[in-house]
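Enquirer: Pasting a structure below so you can have a look.
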Amino acid sequence: MQRVEHMTLWERLYFPEIIRGLFVTGYRFWRNLAIHTLHLFGLAKNKSAAITVQYPEQRIAYPDTFRGRHRLTLKDDGTVHCTACFLCSTACPAECIYIEAGEYPDNPVEKYPVRYEIDTLRCIYCGFCVEACPCDAIRMDTGLHPGNLGFSREDFVEDKKVLTERSRKLEEEGKDKLYEESVEKYRED
Ligand code: SF4
Ligand code: SF4
C-alpha cells in the first residue's frame, strides 16, 4: 500500500480506484464462470480457471515438509522420547509450550514431562520447537491442519495425551487414516 503523499491525483480521488477494483474482481468472476461452463461441455480444455478446494471433502497433496499439528514421538516401550529439557519452550517465539518436568523413580539422570501442553491458539506453526529438540521428541509431520473447532481456550490446548496418541495412531494406522479421523468432526458439523 502506498503512502498518501506518493499517490497520484487520480488515486487520491478514491472512487476511480474502487471502480477499478470492482472491474478486476468482476472480470475474474465472469472469466472463471465462463471457463468452468465451457469445461462442462468439453470445450476450452486448454484454458484453466481458478478452483476452490472443497475442504474437507477434497484435499490437495501437501509436501512432506508441511508443518502440521504436533506429536510427541514414542520409544519402543511406548514412553516419550522427551526428556523435559525445555529447549523447545525456550525456542518457541509464541511462548505457547508448557512443560512440567518429573523424575523417573529408577533413573536419577533422565527426566520426563509430567505435563506437556501446547496452546495451539498462540502457536504460529514456525517449527522452531522441532528444530530445537535435541532428541527428535517432537515433530510436525502429521499432515494435519491446525484445529479450529472449539468453544473455549481449553479446546485448543493439546496436552501430552493428545500429542502421544497422535504419534501412536500415525505409526499404527498411517497418515491418511489420521487425516480422515481429524476431519470427521468437521463433516459431522
Ligand atoms: S511451532 Fe513455533 S510457535 Fe508453535 S509451538 Fe513450535 S516453536 Fe512454538
Ligand atoms: S520436546 Fe525435545 S526440546 Fe522439548 S522438552 Fe522434550 S526433549 Fe526437550
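By convention in this document, the chains of the C-alpha cells carry letters A, B, ... by their order, each chain's residues are numbered from 1, and ligands are numbered from 1 in the order they are shown.
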Among range 8-122 of chain A, which residues does DSSP mark as alpha helix (DSSP H) when it is run on the backbone? Keep the chain and numbering as in the structure and answer as a ChimeraX atom specification.
Expert: /A:9-12,15-40,87-91
Enquirer: Show me which residues sit within 7 Å of ligand 1 when counting only C-alpha atoms and all ligand atoms, and put them as a PyMOL selection string.
Expert: chain A and resi 88-89+91-97+118+122-130
Enquirer: If you keep N, CA and C atoms, can you produce a file of those selected residues as a PDB file, in the first residue's frame?
Expert:
```pdb
ATOM      1  N   CYS A  88      12.656 -26.701  23.602  1.00  0.00           N
ATOM      2  CA  CYS A  88      11.584 -26.310  22.667  1.00  0.00           C
ATOM      3  C   CYS A  88      10.820 -25.100  23.183  1.00  0.00           C
ATOM      4  N   SER A  89      10.495 -25.134  24.483  1.00  0.00           N
ATOM      5  CA  SER A  89       9.723 -23.995  25.019  1.00  0.00           C
ATOM      6  C   SER A  89      10.566 -22.735  25.071  1.00  0.00           C
ATOM      7  N   ALA A  91      12.870 -22.008  22.800  1.00  0.00           N
ATOM      8  CA  ALA A  91      12.990 -21.539  21.410  1.00  0.00           C
ATOM      9  C   ALA A  91      11.672 -20.992  20.871  1.00  0.00           C
ATOM     10  N   CYS A  92      10.572 -21.375  21.484  1.00  0.00           N
ATOM     11  CA  CYS A  92       9.255 -21.019  20.941  1.00  0.00           C
ATOM     12  C   CYS A  92       9.009 -19.502  21.007  1.00  0.00           C
ATOM     13  N   PRO A  93       8.855 -18.847  19.861  1.00  0.00           N
ATOM     14  CA  PRO A  93       8.653 -17.390  19.879  1.00  0.00           C
ATOM     15  C   PRO A  93       7.283 -16.979  20.405  1.00  0.00           C
ATOM     16  N   ALA A  94       6.335 -17.913  20.363  1.00  0.00           N
ATOM     17  CA  ALA A  94       4.978 -17.584  20.815  1.00  0.00           C
ATOM     18  C   ALA A  94       4.763 -17.937  22.288  1.00  0.00           C
ATOM     19  N   GLU A  95       5.786 -18.523  22.897  1.00  0.00           N
ATOM     20  CA  GLU A  95       5.716 -18.935  24.304  1.00  0.00           C
ATOM     21  C   GLU A  95       4.452 -19.739  24.585  1.00  0.00           C
ATOM     22  N   CYS A  96       4.214 -20.722  23.750  1.00  0.00           N
ATOM     23  CA  CYS A  96       2.963 -21.480  23.901  1.00  0.00           C
ATOM     24  C   CYS A  96       3.176 -22.925  24.345  1.00  0.00           C
ATOM     25  N   ILE A  97       4.416 -23.269  24.724  1.00  0.00           N
ATOM     26  CA  ILE A  97       4.661 -24.640  25.199  1.00  0.00           C
ATOM     27  C   ILE A  97       4.833 -24.604  26.713  1.00  0.00           C
ATOM     28  N   ILE A 118       0.660 -27.693  24.520  1.00  0.00           N
ATOM     29  CA  ILE A 118       0.848 -26.648  23.508  1.00  0.00           C
ATOM     30  C   ILE A 118      -0.467 -25.902  23.340  1.00  0.00           C
ATOM     31  N   ARG A 122      -2.050 -19.914  20.276  1.00  0.00           N
ATOM     32  CA  ARG A 122      -0.905 -18.998  20.220  1.00  0.00           C
ATOM     33  C   ARG A 122       0.137 -19.468  19.214  1.00  0.00           C
ATOM     34  N   CYS A 123       0.168 -20.765  18.958  1.00  0.00           N
ATOM     35  CA  CYS A 123       1.202 -21.336  18.086  1.00  0.00           C
ATOM     36  C   CYS A 123       1.126 -20.740  16.680  1.00  0.00           C
ATOM     37  N   ILE A 124       2.288 -20.451  16.118  1.00  0.00           N
ATOM     38  CA  ILE A 124       2.326 -19.903  14.759  1.00  0.00           C
ATOM     39  C   ILE A 124       2.892 -20.927  13.769  1.00  0.00           C
ATOM     40  N   TYR A 125       3.040 -22.152  14.216  1.00  0.00           N
ATOM     41  CA  TYR A 125       3.477 -23.273  13.353  1.00  0.00           C
ATOM     42  C   TYR A 125       4.777 -22.956  12.601  1.00  0.00           C
ATOM     43  N   CYS A 126       5.715 -22.377  13.360  1.00  0.00           N
ATOM     44  CA  CYS A 126       7.000 -21.996  12.765  1.00  0.00           C
ATOM     45  C   CYS A 126       7.973 -23.166  12.708  1.00  0.00           C
ATOM     46  N   GLY A 127       7.789 -24.156  13.581  1.00  0.00           N
ATOM     47  CA  GLY A 127       8.683 -25.323  13.571  1.00  0.00           C
ATOM     48  C   GLY A 127       9.952 -25.139  14.390  1.00  0.00           C
ATOM     49  N   PHE A 128      10.096 -24.029  15.097  1.00  0.00           N
ATOM     50  CA  PHE A 128      11.318 -23.818  15.897  1.00  0.00           C
ATOM     51  C   PHE A 128      11.461 -24.881  16.983  1.00  0.00           C
ATOM     52  N   CYS A 129      10.341 -25.318  17.540  1.00  0.00           N
ATOM     53  CA  CYS A 129      10.402 -26.327  18.605  1.00  0.00           C
ATOM     54  C   CYS A 129      11.011 -27.621  18.071  1.00  0.00           C
ATOM     55  N   VAL A 130      10.627 -27.987  16.860  1.00  0.00           N
ATOM     56  CA  VAL A 130      11.142 -29.214  16.240  1.00  0.00           C
ATOM     57  C   VAL A 130      12.650 -29.072  15.997  1.00  0.00           C
TER      58      VAL A 130
END
```
Enquirer: From the set A:Ala84, A:Leu43, A:Ile35, A:Met140, which residue has the shortest atom-to-atom contact distance to Gly68 in chain A, counting only C-alpha atoms?
Expert: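 Looking only at the distances to Gly68 in chain A, the closest residue turns out to be A:Met140.
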Enquirer: Distance limit 7 Å, reference ligand 2, atoms considered: only C-alpha atoms and all ligand atoms. Which residues make the cut? Give them as number ranges by chain.
Expert: A: 72, 81-89, 129, 132-138
Enquirer: Which residues are close to range 176-186 of chain A, i.e. within 8 Å by only C-alpha atoms, leaving aside same-chain residues fewer than 3 positions away? Reply as a ChimeraX atom specification.
Expert: /A:56,142-144,149,166,169-170,173,189
Enquirer: Export C-alpha atoms of the chosen residues as a PDB file, in the first residue's frame?
Expert:
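Writing done, so here's result-v1.pdb:
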```pdb
ATOM      1  CA  PRO A  56     -12.587 -31.258   3.966  1.00  0.00           C
ATOM      2  CA  THR A 142       1.305 -35.357  10.825  1.00  0.00           C
ATOM      3  CA  GLY A 143      -0.010 -33.579   7.727  1.00  0.00           C
ATOM      4  CA  LEU A 144      -2.920 -32.226   9.795  1.00  0.00           C
ATOM      5  CA  LEU A 149     -13.300 -26.235  16.199  1.00  0.00           C
ATOM      6  CA  ARG A 166      -1.415 -38.801  17.633  1.00  0.00           C
ATOM      7  CA  LYS A 169      -2.146 -43.510  15.558  1.00  0.00           C
ATOM      8  CA  LEU A 170       0.248 -42.252  12.909  1.00  0.00           C
ATOM      9  CA  GLU A 173      -2.719 -46.528  11.023  1.00  0.00           C
ATOM     10  CA  ASP A 189     -20.696 -30.349  11.970  1.00  0.00           C
TER      11      ASP A 189
END
```
Enquirer: For Glu117 in chain A, which residue out of A:Glu57, A:Glu11, A:Asp159, A:Glu17 is the nearest one, using only C-alpha atoms?
Expert: A:Asp159
Enquirer: Please report the interatomic distance between CA of Gly102 in chain A and CA of Thr164 in chain A in Å with one decimal.
Expert: 17.0 Å
Enquirer: Counting only C-alpha atoms, figure out which residue out of A:Val80, A:Glu5, A:Glu158, A:Leu74 gets nearest to Pro146 in chain A.
Expert: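 That would be A:Glu158, the residue with the smallest distance to Pro146 in chain A.
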Enquirer: Using the chain letters and numbers from this document, which residues of chain A does DSSP assign to strand (DSSP E or B), as a ChimeraX atom specification?
Expert: /A:71-72,74,80,97-104,107-119,138-139,157-158
